[in-house]
Amino acid sequence: MVGARRLGAEVEFAVSDNGCGMDEATRAKVFEPYFTTRAGRGGTGLGLAMVYGIMRNCGGTIDLESTVGVGTTFTLRWPPAAA
């Protein structure tokens with residue numbers, strides 16, 4: 001599920017799934033560069049680290065909610081743009 005809404009001056013964008021979710025150990029590392037859960041299948045583990053860096057550089061935030069067996073939601077919030 002993807003959703004977007006405007007919260008006053010900030011914009012929020014959320015992406016959710018109903019997959020296997022993440023345990024606490026995985027959630028703690030998910031934004032680290034080169035962290036991946038794709039053992040043996042490749043993957044650089046740069047995607048979420050890059051998104052995290054971009055959001056921080058533009059003054060925004062990215063939040064993660066995940067429950068094993070339920071799914072995961074990433075919520076991105078952008079501040080208002082400068083005039």
# chains A, B, ... in the order shown; residues from 1 in each chain; ligands from 1

call {"tool": "residues_around", "arguments": {"residues": "segment 20-36 of chain A", "least_positions_apart": "2", "cutoff": "10 Å", "atoms": "only C-alpha atoms", "output": "PyMOL selection string"}}
result
chain A and resi 17-18+38-39+41-53+62+64-73

call {"tool": "select_by_dssp", "arguments": {"residues": "segment 8-46 of chain A", "states": "strand (DSSP E)", "output": "ChimeraX atom specification"}}
result
/A:10-17

call {"tool": "select_by_dssp", "arguments": {"residues": "chain A", "states": "alpha helix (DSSP H)", "output": "list in words"}}
result
Glu24, Ala25, Thr26, Arg27, Ala28, Lys29, Gly47, Leu48, Ala49, Met50, Val51, Tyr52, Gly53, Ile54, Met55, Arg56 and Asn57 of chain A

call {"tool": "atom_distance", "arguments": {"atom1": "atom CA of Thr37 of chain A", "atom2": "atom CA of Thr61 of chain A"}}
result
23.2 Å

call {"tool": "residues_around", "arguments": {"residues": "Pro79 of chain A", "least_positions_apart": "2", "cutoff": "8 Å", "atoms": "only C-alpha atoms", "output": "list in words"}}
result
Ala9, Glu10, Val11, Cys58, Gly59, Gly60, Arg77 and Ala81 of chain A

call {"tool": "decode", "arguments": {"residues": "segment 67-80 of chain A", "atoms": "N, CA and C atoms", "output": "compact mmCIF listing (two decimals), in the first residue's frame"}}
result
# COMPACT_ATOMS: atom_id res chain seq x y z
N THR A 67 6.63 -5.45 12.17
CA THR A 67 6.29 -6.51 13.10
C THR A 67 6.42 -7.84 12.38
N VAL A 68 7.17 -8.75 12.99
CA VAL A 68 7.36 -10.07 12.39
C VAL A 68 6.00 -10.72 12.17
N GLY A 69 5.78 -11.24 10.97
CA GLY A 69 4.54 -11.91 10.63
C GLY A 69 3.40 -10.98 10.24
N VAL A 70 3.62 -9.67 10.33
CA VAL A 70 2.57 -8.70 10.02
C VAL A 70 2.92 -7.85 8.81
N GLY A 71 4.14 -7.30 8.78
CA GLY A 71 4.56 -6.46 7.67
C GLY A 71 5.38 -5.28 8.11
N THR A 72 5.65 -4.39 7.16
CA THR A 72 6.54 -3.26 7.37
C THR A 72 5.96 -2.01 6.74
N THR A 73 6.18 -0.87 7.40
CA THR A 73 5.80 0.43 6.85
C THR A 73 6.98 1.38 6.98
N PHE A 74 7.36 2.01 5.86
CA PHE A 74 8.33 3.10 5.86
C PHE A 74 7.55 4.38 5.64
N THR A 75 7.77 5.38 6.50
CA THR A 75 7.09 6.67 6.38
C THR A 75 8.15 7.75 6.18
N LEU A 76 8.05 8.47 5.07
CA LEU A 76 8.97 9.55 4.74
C LEU A 76 8.25 10.87 4.90
N ARG A 77 8.91 11.85 5.52
CA ARG A 77 8.31 13.17 5.72
C ARG A 77 9.29 14.23 5.22
N TRP A 78 8.78 15.09 4.33
CA TRP A 78 9.59 16.17 3.78
C TRP A 78 9.14 17.50 4.38
N PRO A 79 10.11 18.38 4.68
CA PRO A 79 9.76 19.72 5.16
C PRO A 79 9.32 20.59 3.98
N PRO A 80 8.78 21.77 4.29
CA PRO A 80 8.39 22.66 3.18
C PRO A 80 9.62 23.10 2.38
